[in-house]
Amino acid sequence: MQNTDRRALLGKLALAATTALASRANAFADPPRCALTSEDIEGPYFLPGAPTRTLLIEPGMQGSVLELEGVLRDSACHVVANARVELWQCDALGRYDTRGTRLRTRIQTDSRGRWAVRTIVPGRYLNGDTYRPAHIHLKLHGPRGVLTTQMYFEGDPYNASDPWYRRERAVSLIENGREFRARFDAVVRR
Ligand SMILES: [Fe+2]
């Protein structure tokens, strides 16, 4: 083999090896850290103009306390500060307040993109002849518009049969003494 042919062959082998390594690296790559959060239906119960508050629990309200927090980022992984977060949910018995503002809020992320509310674990309600899994509705106001979505809870027996449930939007419900806590981080378009 002439030197020029040998160099060409080595070049091809090196290229093939590099390509193989690259494809293997892709196969085992972590999912993108700041993949956009998927949208979900708004549903029939959104009402604009909810009050600004972080405590949603009212005297006499049934259910388990839920400390819910999240961080809002954009698709470049930068936190989104001072962004409006609208949240609405049903009560522990699966009922929405369709006339007032119970279990509804409109807050803002802080300078580090964080938001938090103290609420209750939502119940389930019938949609047709089957229950929707427990979920909380959100409208996240990013720099490119509003992302309407829903968050779910891992392990809910009605997740699998729900047409809107997405596993990537299900969070762990962590027992914390007599209360629960959960964290829903989201990513909006930059
Ligand atoms: Fe709902």
# chains A, B, ... in the order shown; residues from 1 in each chain; ligands from 1

$ residues_around --residues "Trp164 of chain A" --least-positions-apart "6" --cutoff "10 Å" --atoms "only C-alpha atoms" --output "PDB file with C-alpha atoms, in the first residue's frame"
ATOM      1  CA  GLU A  39     -48.735  22.515  26.840  1.00  0.00           C
ATOM      2  CA  ASP A  40     -51.951  21.094  28.187  1.00  0.00           C
ATOM      3  CA  ILE A  41     -55.569  22.050  27.746  1.00  0.00           C
ATOM      4  CA  ARG A 132     -59.252  12.788  35.878  1.00  0.00           C
ATOM      5  CA  PRO A 133     -56.093  12.280  37.950  1.00  0.00           C
ATOM      6  CA  THR A 149     -50.288  23.563  31.132  1.00  0.00           C
ATOM      7  CA  GLN A 150     -51.146  21.174  33.956  1.00  0.00           C
ATOM      8  CA  TYR A 152     -49.771  15.868  37.764  1.00  0.00           C
TER       9      TYR A 152
END

$ residues_around --residues "Ile57 of chain A" --least-positions-apart "4" --cutoff "8 Å" --atoms "only C-alpha atoms" --output "list in words"
Met61, Leu103, Arg118, Thr119 and Ile120 of chain A

$ write_last_selection --atoms "N, CA and C atoms" --output "mmCIF file, in the first residue's frame"
data_model
loop_
_atom_site.group_PDB
_atom_site.id
_atom_site.type_symbol
_atom_site.label_atom_id
_atom_site.label_comp_id
_atom_site.auth_asym_id
_atom_site.auth_seq_id
_atom_site.Cartn_x
_atom_site.Cartn_y
_atom_site.Cartn_z
ATOM 1 N N MET A 61 -61.219 24.726 55.179
ATOM 2 C CA MET A 61 -60.975 23.983 53.942
ATOM 3 C C MET A 61 -60.473 22.564 54.264
ATOM 4 N N LEU A 103 -58.960 28.857 45.776
ATOM 5 C CA LEU A 103 -57.928 28.010 45.176
ATOM 6 C C LEU A 103 -57.488 28.508 43.796
ATOM 7 N N ARG A 118 -48.791 27.869 49.221
ATOM 8 C CA ARG A 118 -49.224 26.904 50.234
ATOM 9 C C ARG A 118 -50.692 26.621 49.949
ATOM 10 N N THR A 119 -50.969 25.399 49.541
ATOM 11 C CA THR A 119 -52.320 25.059 49.098
ATOM 12 C C THR A 119 -52.706 23.692 49.659
ATOM 13 N N ILE A 120 -53.654 23.039 49.040
ATOM 14 C CA ILE A 120 -54.012 21.675 49.439
ATOM 15 C C ILE A 120 -53.818 20.746 48.243
#

$ residues_near_ligand --ligand "ligand 1" --cutoff "7 Å" --atoms "only C-alpha atoms and all ligand atoms" --output "list in words"
Gly43, Tyr45, Gln89, Cys90, His135, Ile136 and His137 of chain A

$ residues_around --residues "Arg106 of chain A" --least-positions-apart "4" --cutoff "9 Å" --atoms "only C-alpha atoms" --output "ChimeraX atom specification"
/A:48-54,84-88

$ atom_distance --atom1 "atom CA of Thr148 of chain A" --atom2 "atom CA of Arg189 of chain A"
12.2 Å

$ residues_around --residues "Val187 of chain A" --least-positions-apart "5" --cutoff "8 Å" --atoms "only C-alpha atoms" --output "list of chain:residue names"
A:Cys34, A:Ala35, A:Leu36, A:Thr37, A:Leu72, A:Arg73, A:Asp74, A:Ser75, A:Cys77

$ write_last_selection --atoms "N, CA and C atoms" --output "PDB file, in the first residue's frame"
ATOM      1  N   CYS A  34     -33.140  21.805  29.659  1.00  0.00           N
ATOM      2  CA  CYS A  34     -34.139  22.862  29.578  1.00  0.00           C
ATOM      3  C   CYS A  34     -35.039  22.655  28.381  1.00  0.00           C
ATOM      4  N   ALA A  35     -35.538  21.436  28.253  1.00  0.00           N
ATOM      5  CA  ALA A  35     -36.540  21.155  27.220  1.00  0.00           C
ATOM      6  C   ALA A  35     -37.825  21.896  27.578  1.00  0.00           C
ATOM      7  N   LEU A  36     -38.472  22.424  26.564  1.00  0.00           N
ATOM      8  CA  LEU A  36     -39.710  23.172  26.791  1.00  0.00           C
ATOM      9  C   LEU A  36     -40.747  22.303  27.490  1.00  0.00           C
ATOM     10  N   THR A  37     -41.425  22.876  28.434  1.00  0.00           N
ATOM     11  CA  THR A  37     -42.542  22.192  29.076  1.00  0.00           C
ATOM     12  C   THR A  37     -43.696  22.114  28.072  1.00  0.00           C
ATOM     13  N   LEU A  72     -39.023  28.785  37.268  1.00  0.00           N
ATOM     14  CA  LEU A  72     -39.341  28.990  35.855  1.00  0.00           C
ATOM     15  C   LEU A  72     -38.059  29.344  35.115  1.00  0.00           C
ATOM     16  N   ARG A  73     -37.769  28.598  34.060  1.00  0.00           N
ATOM     17  CA  ARG A  73     -36.586  28.861  33.238  1.00  0.00           C
ATOM     18  C   ARG A  73     -37.022  29.034  31.789  1.00  0.00           C
ATOM     19  N   ASP A  74     -36.105  29.573  30.991  1.00  0.00           N
ATOM     20  CA  ASP A  74     -36.366  29.613  29.556  1.00  0.00           C
ATOM     21  C   ASP A  74     -35.537  28.531  28.879  1.00  0.00           C
ATOM     22  N   SER A  75     -35.728  28.406  27.572  1.00  0.00           N
ATOM     23  CA  SER A  75     -35.119  27.286  26.861  1.00  0.00           C
ATOM     24  C   SER A  75     -33.601  27.406  26.763  1.00  0.00           C
ATOM     25  N   CYS A  77     -32.030  27.886  29.572  1.00  0.00           N
ATOM     26  CA  CYS A  77     -31.765  27.533  30.977  1.00  0.00           C
ATOM     27  C   CYS A  77     -31.585  28.758  31.879  1.00  0.00           C
TER      28      CYS A  77
END
